[in-house]
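Data file: protein_24.txt. Format and content: compact mmCIF, C-alpha atoms and all ligand atoms.
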# COMPACT_ATOMS: atom_id res chain seq x y z
CA MET A 13 104.63 79.33 -23.37
CA SER A 14 101.75 81.70 -23.08
CA ILE A 15 101.35 84.69 -25.35
CA THR A 16 101.81 87.94 -23.41
CA LYS A 17 99.10 90.56 -22.94
CA GLN A 18 101.30 93.08 -24.73
CA THR A 19 101.62 90.82 -27.78
CA VAL A 20 97.84 90.46 -27.94
CA ILE A 21 97.29 94.21 -27.64
CA ASN A 22 99.94 94.98 -30.27
CA THR A 23 98.35 92.48 -32.65
CA TYR A 24 94.84 93.89 -32.32
CA LEU A 25 95.82 97.55 -31.91
CA PRO A 26 98.41 97.97 -34.63
CA ASP A 27 98.18 101.79 -34.76
CA GLN A 28 99.72 104.14 -32.24
CA PRO A 29 97.05 105.52 -29.88
CA LEU A 30 96.18 109.21 -30.27
CA PRO A 31 96.91 111.39 -27.23
CA GLY A 32 93.69 112.22 -25.42
CA THR A 33 92.38 114.97 -23.16
CA HIS A 34 89.40 113.58 -21.27
CA ALA A 35 87.31 110.41 -21.01
CA GLU A 36 84.84 109.03 -18.50
CA ALA A 37 83.12 105.66 -18.33
CA PHE A 38 80.94 103.61 -16.01
CA ALA A 39 80.75 99.81 -15.71
CA PRO A 40 78.52 97.75 -13.40
CA SER A 41 79.65 95.17 -10.91
CA ASN A 42 78.43 91.62 -11.63
CA ILE A 43 77.50 88.47 -9.72
CA ALA A 44 78.16 85.11 -11.38
CA LEU A 45 75.25 82.64 -11.37
CA CYS A 46 77.50 80.04 -13.04
CA LYS A 47 80.97 80.70 -11.69
CA TYR A 48 84.32 81.17 -13.40
CA TRP A 49 86.80 79.06 -11.42
CA GLY A 50 90.13 77.97 -12.93
CA LYS A 51 92.32 79.29 -15.75
CA ARG A 52 93.71 77.56 -18.80
CA ASP A 53 96.09 80.52 -19.25
CA VAL A 54 97.21 82.52 -16.24
CA GLU A 55 98.79 85.43 -18.16
CA LEU A 56 95.71 86.19 -20.27
CA ASN A 57 93.07 85.10 -17.70
CA LEU A 58 91.62 82.50 -20.06
CA PRO A 59 89.07 80.37 -18.21
CA ILE A 60 88.70 76.60 -18.12
CA ASN A 61 84.90 76.96 -18.14
CA GLY A 62 82.31 79.38 -19.47
CA SER A 63 80.32 81.45 -16.95
CA LEU A 64 77.16 83.53 -16.71
CA SER A 65 76.40 86.57 -14.56
CA ILE A 66 73.92 89.29 -13.77
CA SER A 67 75.18 92.88 -13.77
CA LEU A 68 74.22 95.16 -10.89
CA GLY A 69 72.75 98.12 -12.78
CA GLU A 70 73.93 101.39 -11.24
CA LEU A 71 76.28 99.75 -8.74
CA GLY A 72 79.80 99.71 -10.07
CA SER A 73 82.81 101.86 -10.96
CA ARG A 74 83.14 105.21 -12.70
CA THR A 75 86.56 105.99 -14.13
CA GLU A 76 87.83 109.26 -15.52
CA ILE A 77 91.09 109.74 -17.43
CA THR A 78 92.58 113.17 -18.06
CA GLU A 79 96.02 114.48 -19.00
CA SER A 80 98.14 114.76 -15.89
CA GLU A 81 98.90 118.32 -14.90
CA THR A 82 101.90 117.37 -12.79
CA GLY A 83 103.90 115.62 -15.53
CA ALA A 84 103.62 112.28 -13.69
CA ASP A 85 100.93 109.59 -13.60
CA GLN A 86 98.40 110.01 -10.80
CA VAL A 87 95.84 107.51 -9.57
CA TYR A 88 92.90 108.36 -7.31
CA LEU A 89 90.54 105.86 -5.66
CA ASN A 90 87.35 107.20 -4.09
CA HIS A 91 88.78 110.77 -4.11
CA GLU A 92 92.08 109.77 -2.48
CA LEU A 93 95.42 110.05 -4.23
CA GLN A 94 97.15 106.65 -4.14
CA ALA A 95 100.89 106.30 -3.53
CA GLU A 96 102.84 105.21 -6.62
CA ASP A 97 103.76 101.85 -5.08
CA ASN A 98 100.23 101.12 -3.86
CA SER A 99 98.93 97.90 -5.41
CA PHE A 100 95.78 99.50 -6.89
CA ALA A 101 97.82 102.31 -8.50
CA ARG A 102 100.37 99.85 -9.86
CA LYS A 103 97.67 97.68 -11.47
CA VAL A 104 95.95 100.67 -13.08
CA ILE A 105 99.18 102.08 -14.53
CA ALA A 106 100.42 98.67 -15.71
CA PHE A 107 97.11 98.23 -17.58
CA ILE A 108 97.30 101.70 -19.16
CA ASN A 109 100.90 101.00 -20.21
CA LEU A 110 99.66 98.10 -22.33
CA PHE A 111 97.73 100.59 -24.47
CA ARG A 112 99.68 103.83 -24.50
CA GLY A 113 102.79 102.30 -26.06
CA GLU A 114 105.44 104.81 -27.05
CA LEU A 115 103.12 107.71 -26.37
CA ASN A 116 104.31 108.12 -22.78
CA GLN A 117 101.72 110.80 -22.05
CA PRO A 118 101.30 111.03 -18.25
CA VAL A 119 97.69 110.61 -17.17
CA CYS A 120 95.50 111.20 -14.15
CA VAL A 121 93.05 108.33 -13.48
CA LYS A 122 90.20 108.79 -10.99
CA THR A 123 88.02 105.83 -10.01
CA ILE A 124 84.96 105.97 -7.82
CA ASN A 125 83.23 102.79 -6.65
CA ASN A 126 79.63 103.34 -5.59
CA ILE A 127 79.11 99.79 -4.40
CA PRO A 128 77.84 100.14 -0.82
CA THR A 129 80.89 99.38 1.30
CA ALA A 130 78.57 97.47 3.58
CA ALA A 131 77.88 94.98 0.80
CA GLY A 132 81.37 93.49 0.86
CA LEU A 133 81.62 93.10 -2.92
CA ALA A 134 84.88 93.00 -4.85
CA SER A 135 85.22 95.83 -7.34
CA SER A 136 87.91 94.51 -9.67
CA ALA A 137 85.36 93.43 -12.31
CA SER A 138 83.65 96.81 -12.61
CA GLY A 139 86.98 98.60 -12.10
CA PHE A 140 88.81 96.96 -15.00
CA ALA A 141 85.74 97.17 -17.25
CA ALA A 142 85.32 100.91 -16.58
CA LEU A 143 89.07 101.44 -17.06
CA THR A 144 89.01 99.59 -20.41
CA LEU A 145 86.00 101.65 -21.61
CA ALA A 146 87.71 104.87 -20.52
CA ILE A 147 90.98 103.89 -22.24
CA ASN A 148 89.06 103.15 -25.46
CA ASP A 149 87.56 106.61 -25.35
CA PHE A 150 90.65 108.51 -24.17
CA TYR A 151 92.95 107.13 -26.89
CA ASN A 152 90.21 107.03 -29.58
CA LEU A 153 90.71 103.31 -30.13
CA GLY A 154 87.22 102.61 -31.51
CA LEU A 155 87.23 99.03 -30.19
CA SER A 156 84.28 96.68 -30.78
CA ASP A 157 82.38 95.33 -27.76
CA ASP A 158 84.04 91.91 -28.22
CA LYS A 159 87.50 93.44 -28.05
CA LEU A 160 86.57 95.66 -25.09
CA SER A 161 85.40 92.54 -23.26
CA ALA A 162 88.49 90.50 -24.20
CA PHE A 163 90.85 93.32 -23.16
CA ALA A 164 88.99 93.94 -19.87
CA ARG A 165 89.36 90.18 -19.21
CA MET A 166 93.15 90.58 -19.29
CA GLY A 167 92.80 92.93 -16.27
CA SER A 168 90.50 90.62 -14.29
CA GLY A 169 88.62 87.63 -15.70
CA SER A 170 85.19 88.61 -14.43
CA ALA A 171 85.67 92.15 -15.88
CA SER A 172 84.91 90.66 -19.31
CA ARG A 173 81.27 90.37 -18.15
CA SER A 174 81.06 93.87 -16.63
CA ILE A 175 81.19 95.48 -20.09
CA TYR A 176 77.45 94.76 -20.32
CA GLN A 177 74.30 95.19 -18.23
CA GLY A 178 71.73 92.42 -17.69
CA PHE A 179 72.42 88.71 -17.99
CA VAL A 180 75.84 88.10 -19.54
CA GLU A 181 77.55 84.94 -20.77
CA TRP A 182 81.35 84.75 -20.96
CA HIS A 183 82.39 82.26 -23.64
CA LYS A 184 85.49 80.37 -22.60
CA GLY A 185 86.93 80.39 -26.13
CA VAL A 186 89.55 78.08 -27.59
CA ARG A 187 92.12 80.39 -29.17
CA ASP A 188 95.62 80.71 -27.72
CA ASP A 189 95.46 84.50 -27.91
CA GLY A 190 92.04 84.48 -26.18
CA MET A 191 90.30 86.80 -28.61
CA ASP A 192 87.27 84.50 -28.67
CA SER A 193 87.16 84.47 -24.85
CA CYS A 194 84.80 87.39 -24.46
CA ALA A 195 81.36 88.02 -23.04
CA GLU A 196 78.01 88.51 -24.70
CA ARG A 197 74.83 90.09 -23.38
CA LEU A 198 71.75 87.86 -23.36
CA ASP A 199 68.81 89.64 -24.93
CA ILE A 200 66.46 89.01 -22.00
CA THR A 201 64.96 91.28 -19.36
CA TRP A 202 63.37 90.09 -16.15
CA PRO A 203 61.97 93.08 -14.26
CA GLY A 204 61.05 91.11 -11.10
CA PHE A 205 64.52 89.58 -10.60
CA ARG A 206 66.19 90.71 -7.36
CA ILE A 207 69.62 90.27 -5.77
CA GLY A 208 70.17 90.83 -2.05
CA LEU A 209 73.74 91.71 -1.03
CA LEU A 210 74.06 90.17 2.41
CA LYS A 211 77.24 91.10 4.21
CA VAL A 212 77.73 88.77 7.13
CA ALA A 213 81.38 89.08 8.14
CA THR A 214 84.19 91.60 8.12
CA GLY A 215 87.91 91.39 8.46
CA ALA A 216 88.25 87.79 7.27
CA LYS A 217 91.70 87.00 5.96
CA LYS A 218 91.45 86.96 2.21
CA VAL A 219 93.21 84.82 -0.38
CA ASP A 220 92.47 86.59 -3.66
CA SER A 221 90.58 84.72 -6.35
CA ARG A 222 93.64 84.63 -8.63
CA SER A 223 95.71 82.55 -6.19
CA GLY A 224 92.65 80.72 -4.86
CA MET A 225 91.69 79.31 -8.23
CA GLN A 226 95.26 78.43 -9.08
CA ARG A 227 95.62 76.49 -5.85
CA THR A 228 92.38 74.61 -6.56
CA VAL A 229 93.36 73.66 -10.13
CA GLU A 230 96.76 72.43 -8.97
CA SER A 231 95.82 70.54 -5.82
CA ALA A 232 92.14 69.47 -5.71
CA ASP A 233 91.27 66.12 -7.31
CA LEU A 234 87.65 67.17 -6.97
CA TYR A 235 88.29 69.96 -9.48
CA GLN A 236 88.29 67.36 -12.27
CA SER A 237 84.50 67.21 -12.24
CA TRP A 238 84.09 71.01 -12.22
CA PRO A 239 84.41 71.87 -15.98
CA GLN A 240 81.67 69.41 -16.98
CA GLN A 241 79.38 70.51 -14.16
CA ALA A 242 79.90 74.18 -15.05
CA ALA A 243 79.01 73.45 -18.70
CA ASN A 244 75.81 71.66 -17.65
CA ASP A 245 74.88 74.39 -15.14
CA LEU A 246 75.48 77.12 -17.70
CA ALA A 247 73.05 75.47 -20.14
CA THR A 248 70.43 74.96 -17.40
CA ILE A 249 70.73 78.55 -16.17
CA LYS A 250 70.29 79.89 -19.72
CA ARG A 251 67.13 77.82 -20.06
CA ALA A 252 65.85 78.97 -16.67
CA ILE A 253 66.43 82.62 -17.60
CA ALA A 254 64.67 82.20 -20.95
CA ASP A 255 61.68 80.63 -19.12
CA ARG A 256 61.84 83.15 -16.20
CA ASP A 257 61.98 80.08 -13.96
CA LEU A 258 63.33 81.45 -10.65
CA GLU A 259 63.34 78.09 -8.89
CA LEU A 260 65.36 76.33 -11.57
CA LEU A 261 67.72 79.30 -11.83
CA GLY A 262 68.12 79.57 -8.05
CA GLN A 263 68.65 75.86 -7.48
CA THR A 264 71.23 75.59 -10.24
CA ALA A 265 73.08 78.76 -9.22
CA GLU A 266 73.17 77.72 -5.54
CA GLN A 267 74.41 74.23 -6.33
CA ASN A 268 76.98 75.66 -8.75
CA ALA A 269 78.36 78.04 -6.09
CA LEU A 270 78.50 75.36 -3.40
CA SER A 271 80.22 72.95 -5.82
CA MET A 272 82.84 75.60 -6.55
CA HIS A 273 83.37 76.03 -2.81
CA ALA A 274 83.63 72.25 -2.43
CA THR A 275 86.58 72.24 -4.87
CA MET A 276 88.23 74.97 -2.81
CA ILE A 277 87.77 73.09 0.45
CA ALA A 278 89.27 70.02 -1.24
CA SER A 279 92.45 71.96 -2.14
CA TRP A 280 95.70 71.86 -0.26
CA PRO A 281 96.27 73.84 1.85
CA PRO A 282 92.48 73.94 2.25
CA LEU A 283 90.72 77.08 1.17
CA LEU A 284 87.58 77.99 3.07
CA TYR A 285 86.20 81.49 2.53
CA TRP A 286 83.23 80.90 4.85
CA GLN A 287 83.09 82.33 8.34
CA PRO A 288 80.78 80.98 11.07
CA GLU A 289 78.42 83.89 10.20
CA SER A 290 78.31 82.70 6.57
CA VAL A 291 77.17 79.24 7.60
CA ALA A 292 74.58 80.71 9.98
CA ALA A 293 73.21 82.86 7.12
CA MET A 294 73.10 79.83 4.80
CA HIS A 295 70.93 78.04 7.35
CA ARG A 296 68.63 81.06 7.54
CA VAL A 297 68.19 80.93 3.74
CA TRP A 298 67.38 77.21 3.90
CA GLU A 299 64.94 77.71 6.77
CA LEU A 300 63.14 80.45 4.86
CA ARG A 301 62.96 78.18 1.83
CA ALA A 302 61.53 75.38 3.98
CA LEU A 303 58.75 77.85 4.88
CA GLY A 304 57.90 78.13 1.19
CA VAL A 305 59.81 81.29 0.19
CA PRO A 306 61.81 80.66 -3.00
CA VAL A 307 65.08 82.36 -2.05
CA TYR A 308 68.47 81.01 -3.08
CA LEU A 309 72.07 81.91 -2.30
CA THR A 310 75.31 82.29 -4.16
CA MET A 311 78.79 83.11 -2.81
CA ASP A 312 82.11 84.16 -4.34
CA ALA A 313 85.66 84.13 -3.01
CA GLY A 314 84.66 85.69 0.29
CA PRO A 315 82.44 85.17 3.35
CA ASN A 316 79.34 87.09 2.15
CA LEU A 317 76.13 85.84 0.55
CA LYS A 318 74.11 87.08 -2.38
CA LEU A 319 70.42 86.18 -2.29
CA LEU A 320 68.43 85.49 -5.45
CA PHE A 321 64.66 85.96 -5.37
CA HIS A 322 61.65 87.46 -7.13
CA SER A 323 60.17 90.86 -6.17
CA GLU A 324 56.97 89.05 -5.22
CA TYR A 325 58.80 87.72 -2.13
CA GLU A 326 60.74 90.88 -1.26
CA ALA A 327 58.71 91.55 1.91
CA GLN A 328 59.36 88.05 3.29
CA VAL A 329 63.08 88.27 2.45
CA ARG A 330 63.41 91.69 4.11
CA ASN A 331 61.56 90.40 7.12
CA ALA A 332 63.87 87.41 7.50
CA PHE A 333 67.02 89.48 6.82
CA PRO A 334 66.35 92.86 8.48
CA GLU A 335 70.03 93.77 8.03
CA LEU A 336 69.39 94.22 4.26
CA LEU A 337 69.18 97.98 3.63
CA ASP A 338 67.35 99.43 0.62
CA LEU A 339 70.67 99.86 -1.18
CA ASP A 340 71.55 96.19 -0.67
CA ILE A 341 68.58 95.03 -2.75
CA VAL A 342 69.35 95.37 -6.42
CA ALA A 343 66.75 95.39 -9.22
CA PRO A 344 69.03 94.86 -12.25
CA PHE A 345 66.31 95.70 -14.77
CA GLY A 346 65.11 98.84 -12.99
O1 LIG B 1 87.76 87.89 -11.95
P1 LIG B 1 88.38 87.33 -10.72
O2 LIG B 1 89.81 86.94 -10.93
O3 LIG B 1 88.21 88.25 -9.54
O4 LIG B 1 87.61 85.95 -10.35
C1 LIG B 1 86.26 85.89 -10.00
C2 LIG B 1 85.93 84.58 -9.35
C3 LIG B 1 84.54 84.43 -8.76
O5 LIG B 1 84.04 85.68 -8.32
C4 LIG B 1 84.62 83.50 -7.55
C5 LIG B 1 83.55 83.79 -9.73
C6 LIG B 1 83.05 84.67 -10.85
O6 LIG B 1 82.72 84.09 -11.89
O7 LIG B 1 82.92 85.89 -10.70

I'd like the structure from this file rewritten - as structure tokens, please.
Ligand code: PMV
Amino acid sequence: MSITKQTVINTYLPDQPLPGTHAEAFAPSNIALCKYWGKRDVELNLPINGSLSISLGELGSRTEITESETGADQVYLNHELQAEDNSFARKVIAFINLFRGELNQPVCVKTINNIPTAAGLASSASGFAALTLAINDFYNLGLSDDKLSAFARMGSGSASRSIYQGFVEWHKGVRDDGMDSCAERLDITWPGFRIGLLKVATGAKKVDSRSGMQRTVESADLYQSWPQQAANDLATIKRAIADRDLELLGQTAEQNALSMHATMIASWPPLLYWQPESVAAMHRVWELRALGVPVYLTMDAGPNLKLLFHSEYEAQVRNAFPELLDLDIVAPFG
């Protein structure tokens, strides 16, 4: 039997929260270079493998919490009031309930995602990280970064990494209550590192990552090799980052992403997030590479690609992918 989120919060937040008046926080979105795929505990979002990501600088979520003036909880997303039974509103309020305990103070939560809608990126990582940071501030909880990361992880696994900017490693941890399953920022900057957000398809039917990874763990024999591969890839990617070795980083990240997708395809029923446009874009990346441009791809639980390259090759990448707008090319170190 898994420990519940509420038990964990009560253990590590023994005091009643103080009622708040106003708090605001920002958290970046992140792209995994070594992917998180598979949970050892579904309730607490504890991963089977460690992962490593790059945060997207100014692209992410800003969340504001104030006292509600209507006497009821209110949730806004991108300036629009959400109905009480809307799934986004329900998730936000359920998460706040974990922290506000007996206080019962109605709140107004406003979230704005500035991720270009054209980029086709999920916003649950930055959303839960920004919400956790805002909750910490609103209720004066004074949580350490480790706890902020562990608590954000209970909202969405990858949110544990969005507490930080730059390269971030999420340690899988071994504890049953998950308090050692939190992320850590790597003390490395790489000014020339670039990420291209390449949206290739819209309207694809989506199985969310929560059910996708569960299906893979339960039904794909191929998944058995994943934890060891992820551990090896994580170590290689850390070395590549330390050496600023774009080719080693790109190769390892691309192979890691495609291996994760291989486990999905080997699930039952099969899970294929790629659209024909995704495959066409993959071939364009490989053709460009064959011409001598070191550009690599990674993909998450969706049809879109993220390109990894060095600023030195930005002109060639833009030329080959004219659909990339200025906003779609992210320089995570400014
Ligand atoms: O945090 P979740 O439950 O949205 O899962 C994220 C899963 C991947 O994006 C596919 C990989 C990752 O590490 O971000």

Practice task
Could you please extract the residues within 6 Å of ligand LIG 1 (chain B), counting all atoms listed in the file, and hand them back as a ChimeraX atom specification?
Solution key: /A:44,47-49,168-170,221-222,312-313

Per residue of stretch 121-222 of chain A within 10 Å of stretch 28-39 of chain A, note the shortest atom pair and the distance in Å to one decimal, counting all atoms listed in the file, and order the rows by chain and increasing residue number, as a tab-separated table.
residue	atom	partner	partner_atom	distance
A:Val121	CA	A:Glu36	CA	9.6
A:Lys122	CA	A:Glu36	CA	9.2
A:Thr123	CA	A:Phe38	CA	9.5
A:Ile124	CA	A:Phe38	CA	9.4
A:Asn125	CA	A:Phe38	CA	9.7
A:Ala137	CA	A:Ala39	CA	8.6
A:Ser138	CA	A:Ala39	CA	5.2
A:Gly139	CA	A:Ala39	CA	7.3
A:Phe140	CA	A:Ala39	CA	8.6
A:Ala141	CA	A:Ala39	CA	5.9
A:Ala142	CA	A:Ala39	CA	4.8
A:Leu143	CA	A:Ala37	CA	7.4
A:Thr144	CA	A:Ala37	CA	8.7
A:Leu145	CA	A:Ala37	CA	5.9
A:Ala146	CA	A:Ala37	CA	5.1
A:Ile147	CA	A:Ala35	CA	7.6
A:Asn148	CA	A:Ala35	CA	8.7
A:Asp149	CA	A:Ala35	CA	5.8
A:Phe150	CA	A:Gly32	CA	5.0
A:Tyr151	CA	A:Leu30	CA	5.1
A:Asn152	CA	A:Leu30	CA	6.4
A:Leu153	CA	A:Pro29	CA	6.7
A:Ala171	CA	A:Ala39	CA	9.1
A:Arg173	CA	A:Ala39	CA	9.8
A:Ser174	CA	A:Ala39	CA	6.0
A:Ile175	CA	A:Ala39	CA	6.2
A:Tyr176	CA	A:Ala39	CA	7.6
A:Gln177	CA	A:Ala39	CA	8.3

Problem - Distance query A:Ser41 at most 6 Å, all atoms listed in the file, self and fewer than 3 positions along chain excluded, as a ChimeraX atom specification - result: /A:67-68,72,138

Pull C-alpha atoms from the residues just selected and write them as a PDB file, keeping the file's coordinate frame.
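selection.pdb, written as the output of this step:
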ATOM      1  CA  SER A  67      75.180  92.880 -13.770  1.00  0.00           C
ATOM      2  CA  LEU A  68      74.220  95.160 -10.890  1.00  0.00           C
ATOM      3  CA  GLY A  72      79.800  99.710 -10.070  1.00  0.00           C
ATOM      4  CA  SER A 138      83.650  96.810 -12.610  1.00  0.00           C
TER       5      SER A 138
END

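A straight line drawn from atom CA of A:Phe179 to atom CA of A:Ala134 is 18.6 Å long.
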
Problem - Atom pair atom CA of A:Pro306 / atom CA of A:Leu209: separation (Å) - result: 16.4 Å

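Picture a line from atom CA of A:Leu58 to atom CA of A:Leu133; it runs 22.5 Å.
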
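Shell of stretch 88-98 of chain A at 12 Å, with only C-alpha atoms counted and residues fewer than 4 places along the chain excluded, is Ser73, Arg74, Thr75, Glu76, Ile77, Thr78, Ser80, Ala84, Arg102, Lys103, Val104, Ile105, Ala106, Val119, Cys120, Val121, Lys122, Thr123, Ile124, Asn125, Asn126, Ile127, Thr129, Ser135 and Gly139 of chain A.
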
Exercise for the section: Would you mind listing what lies within 9 Å of A:Gly204 as a list in words, with all atoms listed in the file counted and same-chain residues fewer than 4 positions away left out? Expected result: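 Once the adjacent positions are removed, what remains is Phe321, His322, Ser323, Glu324, Ala343, Pro344, Phe345 and Gly346 of chain A.
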
May I have the residues within 12 Å of A:Val54 as a PDB file with C-alpha atoms, in the coordinates of the input, using only C-alpha atoms and disregarding those fewer than 6 positions away in the same chain?
ATOM      1  CA  MET A  13     104.630  79.330 -23.370  1.00  0.00           C
ATOM      2  CA  SER A  14     101.750  81.700 -23.080  1.00  0.00           C
ATOM      3  CA  ILE A  15     101.350  84.690 -25.350  1.00  0.00           C
ATOM      4  CA  THR A  16     101.810  87.940 -23.410  1.00  0.00           C
ATOM      5  CA  LYS A  17      99.100  90.560 -22.940  1.00  0.00           C
ATOM      6  CA  ILE A  60      88.700  76.600 -18.120  1.00  0.00           C
ATOM      7  CA  ARG A 165      89.360  90.180 -19.210  1.00  0.00           C
ATOM      8  CA  MET A 166      93.150  90.580 -19.290  1.00  0.00           C
ATOM      9  CA  GLY A 167      92.800  92.930 -16.270  1.00  0.00           C
ATOM     10  CA  SER A 168      90.500  90.620 -14.290  1.00  0.00           C
ATOM     11  CA  GLY A 169      88.620  87.630 -15.700  1.00  0.00           C
ATOM     12  CA  ASP A 188      95.620  80.710 -27.720  1.00  0.00           C
ATOM     13  CA  ASP A 189      95.460  84.500 -27.910  1.00  0.00           C
ATOM     14  CA  GLY A 190      92.040  84.480 -26.180  1.00  0.00           C
ATOM     15  CA  ARG A 222      93.640  84.630  -8.630  1.00  0.00           C
ATOM     16  CA  SER A 223      95.710  82.550  -6.190  1.00  0.00           C
ATOM     17  CA  MET A 225      91.690  79.310  -8.230  1.00  0.00           C
ATOM     18  CA  GLN A 226      95.260  78.430  -9.080  1.00  0.00           C
ATOM     19  CA  VAL A 229      93.360  73.660 -10.130  1.00  0.00           C
TER      20      VAL A 229
END

For A:Ala252: contacts at 6 Å, all atoms listed in the file, fewer than 5 positions along chain excluded, given as a short mmCIF file (atom, residue, chain, number, x, y, z; two decimals) with C-alpha atoms, in the coordinates of the input:
data_model
loop_
_atom_site.label_atom_id
_atom_site.label_comp_id
_atom_site.auth_asym_id
_atom_site.auth_seq_id
_atom_site.Cartn_x
_atom_site.Cartn_y
_atom_site.Cartn_z
CA ASP A 257 61.98 80.08 -13.96
CA LEU A 260 65.36 76.33 -11.57
CA LEU A 261 67.72 79.30 -11.83
#

Handout entry: Counting only C-alpha atoms, the residue of A:Pro118, A:Ser193, A:Thr248, A:Ala213 that sits nearest A:Asp85
Key =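 The shortest atom-to-atom distance to A:Asp85 comes from A:Pro118.
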
Around stretch 194-200 of chain A, fit a box with edges along x, y and z, padding it by 6 Å on each side, then list its centre and edge lengths in Å to one decimal as lines of an AutoDock Vina configuration file.
center_x = 75.6
center_y = 88.7
center_z = -23.5
size_x = 30.3
size_y = 14.7
size_z = 14.9

Problem - Among the residues A:Ile253, A:Ala243, A:Leu258, A:Leu309, the one that comes closest to A:Met294 [using all atoms listed in the file] - result: A:Leu309

Exercise for the section: Between A:Leu300, A:Ile21, A:Leu319, A:Ala293, single out the one closest to A:Asn109, counting only C-alpha atoms. Expected result: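 Looking at the shortest contact to A:Asn109, the residue is A:Ile21.
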
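Among the candidates A:Val186, A:Met276, A:Ala232, A:Ala302, the residue lying nearest to A:Val219 is A:Met276 (atoms considered: all atoms listed in the file).
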
Handout entry: Among listed residues A:Leu25, A:Ala292, A:Leu336, A:Leu45, nearest A:Lys250 (using only C-alpha atoms)
Key =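 Closest to A:Lys250, using only C-alpha atoms: A:Leu45.
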
Exercise for the section: Would you mind telling me which residue in A:Ala332, A:Leu284, A:Tyr24, A:Glu70 lies nearest to A:Leu160 when using all atoms listed in the file? Expected result: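 Checking each of A:Ala332, A:Leu284, A:Tyr24, A:Glu70 against A:Leu160, counting all atoms listed in the file, the winner is A:Tyr24.
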